[in-house]
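One file, my_file-v8.txt, carrying compact mmCIF, C-alpha atoms and all ligand atoms:
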```txt
# COMPACT_ATOMS: atom_id res chain seq x y z
CA MET A 1286 -23.79 -30.98 -14.80
CA ALA A 1287 -20.64 -31.37 -12.76
CA ILE A 1288 -19.86 -29.04 -9.92
CA LYS A 1289 -16.39 -28.73 -8.50
CA LEU A 1290 -14.35 -26.74 -6.01
CA GLY A 1291 -12.51 -23.80 -7.55
CA PRO A 1292 -9.57 -21.77 -6.23
CA ASN A 1293 -9.68 -21.28 -2.49
CA GLN A 1294 -7.59 -19.99 0.37
CA TYR A 1295 -8.16 -19.41 4.03
CA GLY A 1296 -6.46 -17.78 6.96
CA LYS A 1297 -6.75 -15.31 9.82
CA ALA A 1298 -7.49 -11.80 8.66
CA GLU A 1299 -6.19 -8.68 10.39
CA VAL A 1300 -4.24 -10.00 13.34
CA ARG A 1301 -3.36 -6.89 15.32
CA LEU A 1302 0.22 -7.20 16.53
CA VAL A 1303 2.14 -4.62 18.53
CA THR A 1304 5.67 -5.29 19.73
CA VAL A 1305 7.82 -3.29 22.12
CA THR A 1306 11.57 -3.83 21.83
CA ARG A 1307 13.73 -2.34 24.56
CA ALA A 1308 17.17 -0.85 24.02
CA GLY A 1309 17.90 0.16 27.61
CA ASP A 1310 15.33 2.78 28.46
CA VAL A 1311 14.50 3.47 24.81
CA HIS A 1312 11.52 1.55 23.49
CA HIS A 1313 10.93 0.73 19.80
CA LEU A 1314 7.38 0.05 18.59
CA LYS A 1315 6.09 -2.05 15.73
CA ASP A 1316 2.38 -1.85 15.05
CA LEU A 1317 1.21 -4.28 12.40
CA THR A 1318 -1.98 -5.74 11.00
CA VAL A 1319 -1.13 -9.19 9.67
CA SER A 1320 -3.33 -11.43 7.54
CA THR A 1321 -2.45 -15.02 6.67
CA ALA A 1322 -3.92 -17.05 3.81
CA LEU A 1323 -3.01 -20.65 3.07
CA ARG A 1324 -3.55 -22.58 -0.16
CA GLY A 1325 -3.09 -26.22 -1.03
CA ASP A 1326 -4.94 -29.50 -1.06
CA LEU A 1327 -7.94 -28.46 0.98
CA ALA A 1328 -10.65 -30.31 -0.90
CA LYS A 1329 -11.52 -32.62 1.99
CA THR A 1330 -12.79 -29.96 4.35
CA HIS A 1331 -14.78 -28.23 1.61
CA LEU A 1332 -16.35 -31.42 0.25
CA THR A 1333 -16.83 -33.56 3.36
CA GLY A 1334 -15.99 -31.47 6.40
CA ASP A 1335 -12.96 -33.65 7.15
CA ASN A 1336 -10.61 -31.14 8.81
CA SER A 1337 -7.52 -33.31 8.98
CA ASP A 1338 -5.68 -30.99 6.56
CA VAL A 1339 -6.89 -27.72 8.04
CA VAL A 1340 -4.26 -25.70 9.90
CA ALA A 1341 -6.72 -23.81 12.07
CA THR A 1342 -6.86 -20.07 11.54
CA ASP A 1343 -6.45 -19.82 15.30
CA THR A 1344 -3.12 -21.64 14.98
CA GLN A 1345 -2.13 -19.25 12.20
CA LYS A 1346 -2.86 -16.29 14.47
CA ASN A 1347 -0.88 -17.82 17.34
CA THR A 1348 2.05 -18.42 14.98
CA VAL A 1349 2.12 -14.71 14.15
CA TYR A 1350 2.40 -13.79 17.83
CA ALA A 1351 4.93 -16.54 18.63
CA PHE A 1352 7.17 -15.57 15.71
CA ALA A 1353 7.08 -11.95 16.87
CA LYS A 1354 8.48 -13.12 20.23
CA GLU A 1355 11.02 -15.62 18.94
CA SER A 1356 13.01 -13.10 16.93
CA PRO A 1357 12.65 -9.39 16.18
CA VAL A 1358 9.92 -8.63 13.64
CA GLY A 1359 12.30 -6.49 11.58
CA GLU A 1360 11.15 -5.31 8.17
CA ILE A 1361 7.61 -6.37 7.30
CA GLU A 1362 8.82 -8.13 4.13
CA ASP A 1363 11.21 -10.33 6.17
CA PHE A 1364 8.52 -11.10 8.75
CA GLY A 1365 6.08 -12.04 5.98
CA LEU A 1366 8.64 -14.29 4.30
CA ARG A 1367 9.42 -16.05 7.59
CA LEU A 1368 5.76 -16.75 8.26
CA ALA A 1369 4.92 -17.82 4.71
CA ARG A 1370 7.90 -20.17 4.50
CA HIS A 1371 7.02 -21.66 7.87
CA PHE A 1372 3.48 -22.61 6.84
CA VAL A 1373 4.58 -24.05 3.50
CA GLY A 1374 7.56 -25.89 5.02
CA ARG A 1375 5.75 -27.30 8.06
CA PHE A 1376 2.55 -28.67 6.52
CA GLY A 1377 2.78 -30.94 3.45
CA GLN A 1378 -0.77 -30.19 2.27
CA ILE A 1379 -0.07 -26.43 2.31
CA THR A 1380 1.65 -25.55 -0.97
CA GLY A 1381 1.21 -21.79 -0.88
CA ALA A 1382 0.95 -19.02 1.66
CA ARG A 1383 0.19 -15.35 1.37
CA ILE A 1384 1.01 -12.97 4.20
CA THR A 1385 -0.38 -9.44 3.98
CA ILE A 1386 0.96 -6.84 6.39
CA ASP A 1387 0.11 -3.20 7.02
CA GLU A 1388 2.52 -1.25 9.21
CA HIS A 1389 1.02 1.65 11.15
CA ALA A 1390 3.40 4.52 11.83
CA TRP A 1391 4.12 5.93 15.27
CA ASP A 1392 6.30 8.98 15.82
CA ARG A 1393 8.15 9.69 19.00
CA ILE A 1394 6.67 12.55 21.02
CA THR A 1395 9.14 15.40 21.45
CA VAL A 1396 9.43 16.61 25.05
CA GLY A 1397 11.49 19.73 25.68
CA GLY A 1398 13.02 19.38 22.22
CA ARG A 1399 14.07 15.74 22.75
CA PRO A 1400 12.44 12.55 21.45
CA HIS A 1401 10.79 10.73 24.32
CA ASP A 1402 11.96 7.20 25.19
CA HIS A 1403 8.59 5.53 25.30
CA ALA A 1404 5.79 7.94 24.27
CA PHE A 1405 4.50 8.08 20.72
CA SER A 1406 1.90 9.85 18.60
CA ARG A 1407 0.16 8.87 15.39
CA SER A 1408 0.62 11.69 12.90
CA SER A 1409 -1.15 10.26 9.86
CA ASP A 1410 -3.12 7.29 8.61
CA GLU A 1411 -0.47 6.38 6.08
CA LYS A 1412 0.45 2.71 6.05
CA ARG A 1413 3.48 0.86 4.73
CA THR A 1414 2.28 -2.41 3.19
CA THR A 1415 3.52 -5.72 1.89
CA VAL A 1416 2.02 -8.85 0.36
CA VAL A 1417 4.35 -11.85 0.42
CA THR A 1418 3.43 -14.93 -1.57
CA VAL A 1419 5.32 -18.21 -1.21
CA GLU A 1420 4.67 -21.22 -3.40
CA ASP A 1421 6.81 -24.26 -2.71
CA ASP A 1422 10.32 -22.76 -2.61
CA ARG A 1423 9.62 -19.57 -4.58
CA ALA A 1424 8.64 -16.17 -3.20
CA TRP A 1425 7.15 -12.97 -4.57
CA VAL A 1426 7.03 -9.66 -2.73
CA VAL A 1427 4.71 -6.75 -3.52
CA SER A 1428 5.23 -3.81 -1.17
CA GLY A 1429 3.72 -0.39 -1.07
CA LEU A 1430 2.00 2.34 0.83
CA ARG A 1431 -1.58 3.43 1.37
CA ASP A 1432 -3.25 6.74 2.26
CA LEU A 1433 -0.31 8.99 1.50
CA VAL A 1434 -2.33 12.21 1.25
CA VAL A 1435 -0.79 14.93 -0.90
CA LEU A 1436 -1.91 18.27 -2.33
CA LYS A 1437 -0.38 20.91 -4.57
CA SER A 1438 -2.02 24.31 -4.70
CA THR A 1439 -0.87 25.15 -8.23
CA GLY A 1440 1.07 23.49 -11.06
CA SER A 1441 -1.99 21.56 -12.22
CA GLU A 1442 -4.20 22.10 -15.26
CA PHE A 1443 -7.05 20.16 -16.84
CA HIS A 1444 -8.39 21.06 -20.27
CA GLY A 1445 -8.81 19.75 -23.79
CA PHE A 1446 -11.30 17.04 -22.81
CA PRO A 1447 -14.29 16.29 -25.06
CA ARG A 1448 -17.49 18.21 -24.46
CA ASP A 1449 -20.98 16.84 -25.02
CA GLU A 1450 -24.45 17.78 -23.83
CA TYR A 1451 -23.62 16.47 -20.33
CA THR A 1452 -20.34 18.34 -19.90
CA THR A 1453 -20.37 21.22 -17.44
CA LEU A 1454 -16.80 21.10 -16.11
CA ALA A 1455 -14.90 24.30 -16.86
CA GLU A 1456 -11.45 24.03 -18.34
CA THR A 1457 -8.74 25.23 -16.00
CA ASP A 1458 -5.07 26.11 -16.27
CA ASP A 1459 -4.64 26.46 -12.52
CA ARG A 1460 -6.25 24.19 -9.96
CA ILE A 1461 -5.57 22.35 -6.74
CA LEU A 1462 -4.45 18.76 -7.28
CA ALA A 1463 -4.94 16.48 -4.30
CA THR A 1464 -5.00 12.73 -3.84
CA ALA A 1465 -4.41 9.89 -1.40
CA VAL A 1466 -1.80 7.68 -3.03
CA THR A 1467 -2.05 3.93 -2.87
CA ALA A 1468 1.03 2.38 -4.47
CA GLN A 1469 2.02 -1.26 -4.78
CA TRP A 1470 5.28 -2.23 -6.38
CA ARG A 1471 6.44 -5.71 -7.31
CA TYR A 1472 10.02 -6.55 -6.51
CA GLN A 1473 12.37 -8.56 -8.67
CA GLY A 1474 15.87 -9.86 -7.92
CA SER A 1475 17.33 -10.74 -4.55
CA ASP A 1476 19.17 -9.20 -1.59
CA ILE A 1477 16.85 -6.21 -1.45
CA ASP A 1478 17.29 -3.67 1.33
CA TRP A 1479 13.55 -3.38 2.07
CA ARG A 1480 13.78 -0.37 4.34
CA LYS A 1481 15.99 1.69 2.02
CA SER A 1482 13.98 0.72 -1.04
CA PHE A 1483 10.74 1.79 0.65
CA ALA A 1484 12.19 5.12 1.76
CA GLU A 1485 13.58 5.89 -1.68
CA ILE A 1486 10.39 4.95 -3.53
CA ARG A 1487 8.28 7.04 -1.16
CA ARG A 1488 10.65 9.99 -1.66
CA ILE A 1489 10.50 9.62 -5.46
CA LEU A 1490 6.70 9.44 -5.45
CA LEU A 1491 6.46 12.60 -3.36
CA GLU A 1492 9.10 14.55 -5.28
CA THR A 1493 7.55 13.67 -8.62
CA PHE A 1494 4.08 14.63 -7.46
CA ALA A 1495 5.45 17.96 -6.28
CA THR A 1496 7.61 18.83 -9.27
CA LYS A 1497 5.81 17.40 -12.29
CA HIS A 1498 3.63 20.08 -13.87
CA SER A 1499 0.34 18.26 -14.26
CA LEU A 1500 -1.98 18.32 -17.26
CA SER A 1501 -4.03 15.48 -15.76
CA LEU A 1502 -3.85 13.23 -12.73
CA GLN A 1503 -3.33 10.40 -15.22
CA GLN A 1504 -0.16 12.11 -16.47
CA THR A 1505 1.03 12.62 -12.90
CA LEU A 1506 0.35 8.96 -12.07
CA TYR A 1507 2.42 7.78 -15.03
CA ALA A 1508 5.26 10.19 -14.22
CA MET A 1509 5.36 8.96 -10.61
CA GLY A 1510 5.53 5.31 -11.70
CA GLU A 1511 8.06 6.02 -14.42
CA ALA A 1512 10.35 7.88 -11.99
CA VAL A 1513 10.28 4.92 -9.59
CA LEU A 1514 11.14 2.42 -12.35
CA GLU A 1515 13.92 4.64 -13.71
CA ALA A 1516 15.59 4.96 -10.32
CA ARG A 1517 14.94 1.59 -8.71
CA GLY A 1518 16.10 -1.48 -10.62
CA GLU A 1519 14.64 -3.78 -7.97
CA VAL A 1520 11.10 -2.75 -8.97
CA ALA A 1521 9.55 -4.66 -11.89
CA GLU A 1522 6.16 -2.99 -11.88
CA ILE A 1523 4.22 -0.42 -9.89
CA ARG A 1524 0.46 -0.05 -9.58
CA LEU A 1525 -1.01 3.25 -8.46
CA SER A 1526 -4.51 4.12 -7.35
CA MET A 1527 -5.15 7.83 -6.88
CA PRO A 1528 -8.54 9.33 -6.04
CA ASN A 1529 -8.89 12.84 -7.40
CA LYS A 1530 -9.79 14.78 -4.26
CA HIS A 1531 -11.63 17.58 -5.98
CA HIS A 1532 -11.30 21.14 -4.70
CA PHE A 1533 -13.91 23.35 -6.31
CA VAL A 1534 -13.54 27.12 -6.49
CA VAL A 1535 -16.46 28.57 -4.53
CA ASP A 1536 -18.62 31.04 -6.46
CA LEU A 1537 -18.46 34.18 -4.32
CA SER A 1538 -20.08 36.45 -6.94
CA PRO A 1539 -23.48 36.47 -5.11
CA PHE A 1540 -21.63 38.35 -2.36
CA GLY A 1541 -19.97 40.75 -4.79
CA LEU A 1542 -16.62 39.06 -4.17
CA THR A 1543 -14.07 37.70 -6.64
CA ASN A 1544 -12.42 34.35 -6.00
CA ASP A 1545 -8.96 34.18 -7.51
CA ASN A 1546 -8.23 30.53 -6.59
CA GLU A 1547 -8.28 31.38 -2.90
CA VAL A 1548 -11.44 29.82 -1.45
CA PHE A 1549 -12.33 26.19 -2.25
CA HIS A 1550 -14.91 23.61 -1.36
CA ALA A 1551 -13.12 20.32 -0.61
CA ALA A 1552 -15.60 17.72 -1.83
CA ASP A 1553 -15.29 14.26 -0.33
CA ARG A 1554 -17.50 12.42 -2.86
CA PRO A 1555 -17.93 11.56 -5.56
CA TYR A 1556 -14.29 11.53 -6.59
CA GLY A 1557 -12.51 10.65 -9.79
CA LEU A 1558 -10.54 7.45 -9.33
CA ILE A 1559 -7.42 7.28 -11.46
CA GLU A 1560 -5.63 3.93 -11.51
CA GLY A 1561 -2.80 2.57 -13.59
CA THR A 1562 0.16 0.24 -13.85
CA VAL A 1563 3.64 1.24 -15.00
CA LEU A 1564 6.00 -1.60 -15.80
CA ARG A 1565 9.18 -2.66 -17.54
CA ASP A 1566 8.68 -4.53 -20.78
CA ASP A 1567 11.37 -7.00 -19.65
CA ALA A 1568 9.99 -7.45 -16.13
CA GLU A 1569 10.28 -10.84 -14.44
CA ASP A 1570 7.14 -12.96 -14.68
CA PRO A 1571 4.67 -11.89 -11.97
CA GLY A 1572 3.72 -15.48 -11.09
CA PRO A 1573 1.07 -15.43 -8.37
CA ALA A 1574 2.30 -12.09 -6.95
CA TRP A 1575 -0.99 -10.28 -7.57
CA GLN A 1576 -3.45 -13.17 -7.25
O1 LIG A 1601 -6.89 14.98 -13.84
C1 LIG A 1601 -8.08 14.75 -14.15
N1 LIG A 1601 -8.38 13.66 -14.88
C2 LIG A 1601 -9.67 13.36 -15.26
O2 LIG A 1601 -9.91 12.32 -15.94
C3 LIG A 1601 -10.68 14.23 -14.81
N2 LIG A 1601 -12.03 14.24 -15.00
C4 LIG A 1601 -12.50 15.33 -14.33
O3 LIG A 1601 -13.71 15.65 -14.27
N3 LIG A 1601 -11.48 16.04 -13.76
C5 LIG A 1601 -10.33 15.36 -14.06
N4 LIG A 1601 -9.04 15.60 -13.72
```

Using the file provided, produce a representation of the structure as structure tokens.
Amino acid sequence: MAIKLGPNQYGKAEVRLVTVTRAGDVHHLKDLTVSTALRGDLAKTHLTGDNSDVVATDTQKNTVYAFAKESPVGEIEDFGLRLARHFVGRFGQITGARITIDEHAWDRITVGGRPHDHAFSRSSDEKRTTVVTVEDDRAWVVSGLRDLVVLKSTGSEFHGFPRDEYTTLAETDDRILATAVTAQWRYQGSDIDWRKSFAEIRRILLETFATKHSLSLQQTLYAMGEAVLEARGEVAEIRLSMPNKHHFVVDLSPFGLTNDNEVFHAADRPYGLIEGTVLRDDAEDPGPAWQ
């Protein structure tokens, strides 16, 4: 029997990076969680403990902070590309790099009706995300968002599903539909305006969730992905993961009360988990974008 080393990567996970950029008295914040992962000829350290090819994860972390000082972080996709290209370009044994970044949102606090120069609040847990993969001189970018929590209080039905001896769920033609959207979309082409693309995709996801009359969360998921692909040529493929945050109508009949879709129990678990990919049939090859 022969045993060998399989695929491997290593890096510093979840480097917490906050930058403050000053424009006179007005401060701009970036709050990121950055993970690095390097790939390449790293057999020696695994097989013998010879670390002569190992770019220490501590060095990787320091590089993140130094790059944040040397020029403005900018869009997370650009920052990820700069870091990934640096590691692959600088170290011959490193042939691939993956940089994963979550951006945490801060809003300016309004004081007396005006946005404050340097005080911020966190209004939601939603994150803007990117995963940049560089191999030799090629790059792949998968961006997205996580924890975009949405709810519609009507415009959602669920019926027509098979019934067996274990089925108790009542059919409904009017229910609450709620989810926390995780979306990841794979870019194709070049010269992409990352900020605008993100804003437009987020808007399309929200508008489609709101306006599409839903016969299932699966149908809503597909409609959201389809709308993004129809409007945004720079997106080759989008993957969506949407927990069904169930809202159950509370039985008020023991109290002699009717409940006309007014009082709900918001269950936190278990939850249905609806996941799917929507893609162009002529999409560019994904390469290592998802691996
Ligand atoms: O939109 C839904 N899809 C399902 O697959 C499902 N299953 C379930 O119990 N409720 C729902 N709702």

task: Using all atoms listed in the file, find each residue with an atom at most 8 Å away from ligand LIG 1601 (chain A) and format the answer as an MDAnalysis selection string.
output: chainID A and resid 1442:1443 1454 1462 1499:1504 1529 1531 1557 1559

Output the selection as an mmCIF file, in the frame of the given file - C-alpha atoms for each residue.
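As written to disk, part-v8.cif reads:
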```
data_model
loop_
_atom_site.group_PDB
_atom_site.id
_atom_site.type_symbol
_atom_site.label_atom_id
_atom_site.label_comp_id
_atom_site.auth_asym_id
_atom_site.auth_seq_id
_atom_site.Cartn_x
_atom_site.Cartn_y
_atom_site.Cartn_z
ATOM 1 C CA GLU A 1442 -4.200 22.100 -15.260
ATOM 2 C CA PHE A 1443 -7.050 20.160 -16.840
ATOM 3 C CA LEU A 1454 -16.800 21.100 -16.110
ATOM 4 C CA LEU A 1462 -4.450 18.760 -7.280
ATOM 5 C CA SER A 1499 0.340 18.260 -14.260
ATOM 6 C CA LEU A 1500 -1.980 18.320 -17.260
ATOM 7 C CA SER A 1501 -4.030 15.480 -15.760
ATOM 8 C CA LEU A 1502 -3.850 13.230 -12.730
ATOM 9 C CA GLN A 1503 -3.330 10.400 -15.220
ATOM 10 C CA GLN A 1504 -0.160 12.110 -16.470
ATOM 11 C CA ASN A 1529 -8.890 12.840 -7.400
ATOM 12 C CA HIS A 1531 -11.630 17.580 -5.980
ATOM 13 C CA GLY A 1557 -12.510 10.650 -9.790
ATOM 14 C CA ILE A 1559 -7.420 7.280 -11.460
#
```

Residues within 9 Å of His1498 of chain A, all atoms listed in the file, excluding chain neighbours under 2 positions, as a PyMOL selection string: chain A and resi 1439-1442+1494-1496+1500+1505

Residue among A:Asp1310, A:Glu1519, A:Asp1392, A:Asp1567 lying closest to Trp1470 of chain A, counting all atoms listed in the file: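 Looking only at the distances to Trp1470 of chain A, the closest residue turns out to be A:Glu1519.
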
Write out as a tab-separated table (two decimals) with C-alpha atoms, in the frame of the given file which residues come within 12 Å of Pro1571 of chain A when counting all atoms listed in the file, dropping same-chain ones fewer than 4 positions away.
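Okay, selection39.tsv is ready:
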```
chain	number	residue	atom	x	y	z
A	1418	THR	CA	3.43	-14.93	-1.57
A	1423	ARG	CA	9.62	-19.57	-4.58
A	1424	ALA	CA	8.64	-16.17	-3.20
A	1425	TRP	CA	7.15	-12.97	-4.57
A	1426	VAL	CA	7.03	-9.66	-2.73
A	1427	VAL	CA	4.71	-6.75	-3.52
A	1470	TRP	CA	5.28	-2.23	-6.38
A	1471	ARG	CA	6.44	-5.71	-7.31
A	1472	TYR	CA	10.02	-6.55	-6.51
A	1473	GLN	CA	12.37	-8.56	-8.67
A	1520	VAL	CA	11.10	-2.75	-8.97
A	1521	ALA	CA	9.55	-4.66	-11.89
A	1522	GLU	CA	6.16	-2.99	-11.88
A	1523	ILE	CA	4.22	-0.42	-9.89
A	1564	LEU	CA	6.00	-1.60	-15.80
A	1565	ARG	CA	9.18	-2.66	-17.54
A	1567	ASP	CA	11.37	-7.00	-19.65
A	1575	TRP	CA	-0.99	-10.28	-7.57
A	1576	GLN	CA	-3.45	-13.17	-7.25
```

task: Please measure the separation of atom CA of Tyr1295 of chain A and atom CA of Asp1387 of chain A, giving the value in Å to one decimal.
output: 18.4 Å

task: One decimal, Å: what's the distance from atom CA of Ala1382 of chain A over to atom CA of Ala1322 of chain A, could you say?
output: 5.7 Å

task: List the neighbours of segment 1537-1550 of chain A out to 12 Å using all atoms listed in the file; skip same-chain residues closer than 5 positions along the sequence, and give me the result as a VMD selection string.
output: chain A and resid 1438 to 1439 1457 to 1462 1530 to 1532

Okay, now the selection with C-alpha atoms, as an mmCIF file, keeping the file's coordinate frame?
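Writing the result to out-v7.cif gives the following:
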```
data_model
loop_
_atom_site.group_PDB
_atom_site.id
_atom_site.type_symbol
_atom_site.label_atom_id
_atom_site.label_comp_id
_atom_site.auth_asym_id
_atom_site.auth_seq_id
_atom_site.Cartn_x
_atom_site.Cartn_y
_atom_site.Cartn_z
ATOM 1 C CA SER A 1438 -2.020 24.310 -4.700
ATOM 2 C CA THR A 1439 -0.870 25.150 -8.230
ATOM 3 C CA THR A 1457 -8.740 25.230 -16.000
ATOM 4 C CA ASP A 1458 -5.070 26.110 -16.270
ATOM 5 C CA ASP A 1459 -4.640 26.460 -12.520
ATOM 6 C CA ARG A 1460 -6.250 24.190 -9.960
ATOM 7 C CA ILE A 1461 -5.570 22.350 -6.740
ATOM 8 C CA LEU A 1462 -4.450 18.760 -7.280
ATOM 9 C CA LYS A 1530 -9.790 14.780 -4.260
ATOM 10 C CA HIS A 1531 -11.630 17.580 -5.980
ATOM 11 C CA HIS A 1532 -11.300 21.140 -4.700
#
```

Selection: 9 Å around Val1513 of chain A, all atoms listed in the file, excl. self and same-chain fewer than 3 positions, as a VMD selection string: chain A and resid 1485 to 1487 1489 to 1490 1508 to 1510 1516 to 1518 1520 1523

- request: Name the closest residue to Val1340 of chain A among the candidates A:Val1311, A:Ile1288, A:Ile1379, A:Val1435; distances are taken between atoms, counting all atoms listed in the file.
  value: A:Ile1379

Which residue of A:Asn1347, A:Gln1469, A:Thr1493, A:Gln1378 approaches Asp1421 of chain A most closely, using all atoms listed in the file: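 Answer, going by the shortest atom-to-atom distance: A:Gln1378.
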
message: Using all atoms listed in the file, can you tell me which of A:Gly1572, A:Gly1429, A:Gly1325, A:Gly1309 comes closest to Val1339 of chain A?
response: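 Using all atoms listed in the file, the shortest distance to Val1339 of chain A belongs to A:Gly1325.
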
message: For a quick check of understanding, using all atoms listed in the file, which of A:Glu1388, A:Asp1553, A:Asp1422, A:Asp1410 has the smallest distance to Val1319 of chain A?
response: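 The answer is A:Glu1388, which sits nearest to Val1319 of chain A.
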
message: Using only C-alpha atoms, which protein or nucleic acid residues come within 7 Å of Val1416 of chain A? Drop anything in the same chain fewer than 4 positions from it, and give the result as a list in words.
response: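 Using only C-alpha atoms, the neighbours found are Arg1383, Ile1384, Thr1385, Ile1386, Val1426, Val1427 and Ser1428 of chain A.
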
Ref. answer, residues at most 12 Å from (-3.6, -18.4, 5.1) with only C-alpha atoms, as a PyMOL selection string: chain A and resi 1293-1300+1319-1325+1327+1339-1346+1348-1349+1365+1368-1373+1379-1385+1417-1419

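One finds atom CA of Thr1304 of chain A at 12.7 Å from atom CA of Phe1364 of chain A.
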
- request: Name the closest residue to Tyr1556 of chain A among the candidates A:Ala1463, A:Ala1455, A:Leu1506, A:Leu1433; distances are taken between atoms, counting all atoms listed in the file.
  value: A:Ala1463

Starting from the incomplete input, reconstruct N, CA and C atoms of segment 1438-1451 of chain A and report them as a PDB file, in the frame of the given file.
```
ATOM      1  N   SER A1438      -1.039  23.238  -4.584  1.00  0.00           N
ATOM      2  CA  SER A1438      -2.020  24.310  -4.700  1.00  0.00           C
ATOM      3  C   SER A1438      -1.899  25.067  -6.015  1.00  0.00           C
ATOM      4  N   THR A1439      -0.927  24.670  -6.846  1.00  0.00           N
ATOM      5  CA  THR A1439      -0.870  25.150  -8.230  1.00  0.00           C
ATOM      6  C   THR A1439      -0.004  24.139  -8.993  1.00  0.00           C
ATOM      7  N   GLY A1440       0.272  24.442 -10.274  1.00  0.00           N
ATOM      8  CA  GLY A1440       1.070  23.490 -11.060  1.00  0.00           C
ATOM      9  C   GLY A1440       0.223  22.350 -11.567  1.00  0.00           C
ATOM     10  N   SER A1441      -1.082  22.586 -11.717  1.00  0.00           N
ATOM     11  CA  SER A1441      -1.990  21.560 -12.220  1.00  0.00           C
ATOM     12  C   SER A1441      -3.032  22.199 -13.121  1.00  0.00           C
ATOM     13  N   GLU A1442      -3.208  21.610 -14.294  1.00  0.00           N
ATOM     14  CA  GLU A1442      -4.200  22.100 -15.260  1.00  0.00           C
ATOM     15  C   GLU A1442      -5.078  20.921 -15.681  1.00  0.00           C
ATOM     16  N   PHE A1443      -6.249  21.216 -16.217  1.00  0.00           N
ATOM     17  CA  PHE A1443      -7.050  20.160 -16.840  1.00  0.00           C
ATOM     18  C   PHE A1443      -7.938  20.788 -17.896  1.00  0.00           C
ATOM     19  N   HIS A1444      -7.614  20.500 -19.155  1.00  0.00           N
ATOM     20  CA  HIS A1444      -8.390  21.060 -20.270  1.00  0.00           C
ATOM     21  C   HIS A1444      -8.194  20.180 -21.479  1.00  0.00           C
ATOM     22  N   GLY A1445      -8.956  20.481 -22.534  1.00  0.00           N
ATOM     23  CA  GLY A1445      -8.810  19.750 -23.790  1.00  0.00           C
ATOM     24  C   GLY A1445      -9.622  18.465 -23.834  1.00  0.00           C
ATOM     25  N   PHE A1446     -10.467  18.254 -22.844  1.00  0.00           N
ATOM     26  CA  PHE A1446     -11.300  17.040 -22.810  1.00  0.00           C
ATOM     27  C   PHE A1446     -12.540  17.247 -23.684  1.00  0.00           C
ATOM     28  N   PRO A1447     -13.123  16.143 -24.194  1.00  0.00           N
ATOM     29  CA  PRO A1447     -14.290  16.290 -25.060  1.00  0.00           C
ATOM     30  C   PRO A1447     -15.486  16.881 -24.325  1.00  0.00           C
ATOM     31  N   ARG A1448     -16.285  17.624 -25.057  1.00  0.00           N
ATOM     32  CA  ARG A1448     -17.490  18.210 -24.460  1.00  0.00           C
ATOM     33  C   ARG A1448     -18.710  17.638 -25.183  1.00  0.00           C
ATOM     34  N   ASP A1449     -19.702  17.229 -24.410  1.00  0.00           N
ATOM     35  CA  ASP A1449     -20.980  16.840 -25.020  1.00  0.00           C
ATOM     36  C   ASP A1449     -22.103  17.526 -24.239  1.00  0.00           C
ATOM     37  N   GLU A1450     -23.335  17.073 -24.471  1.00  0.00           N
ATOM     38  CA  GLU A1450     -24.450  17.780 -23.830  1.00  0.00           C
ATOM     39  C   GLU A1450     -24.463  17.612 -22.311  1.00  0.00           C
ATOM     40  N   TYR A1451     -23.643  16.675 -21.784  1.00  0.00           N
ATOM     41  CA  TYR A1451     -23.620  16.470 -20.330  1.00  0.00           C
ATOM     42  C   TYR A1451     -22.398  17.118 -19.673  1.00  0.00           C
TER      43      TYR A1451
END
```
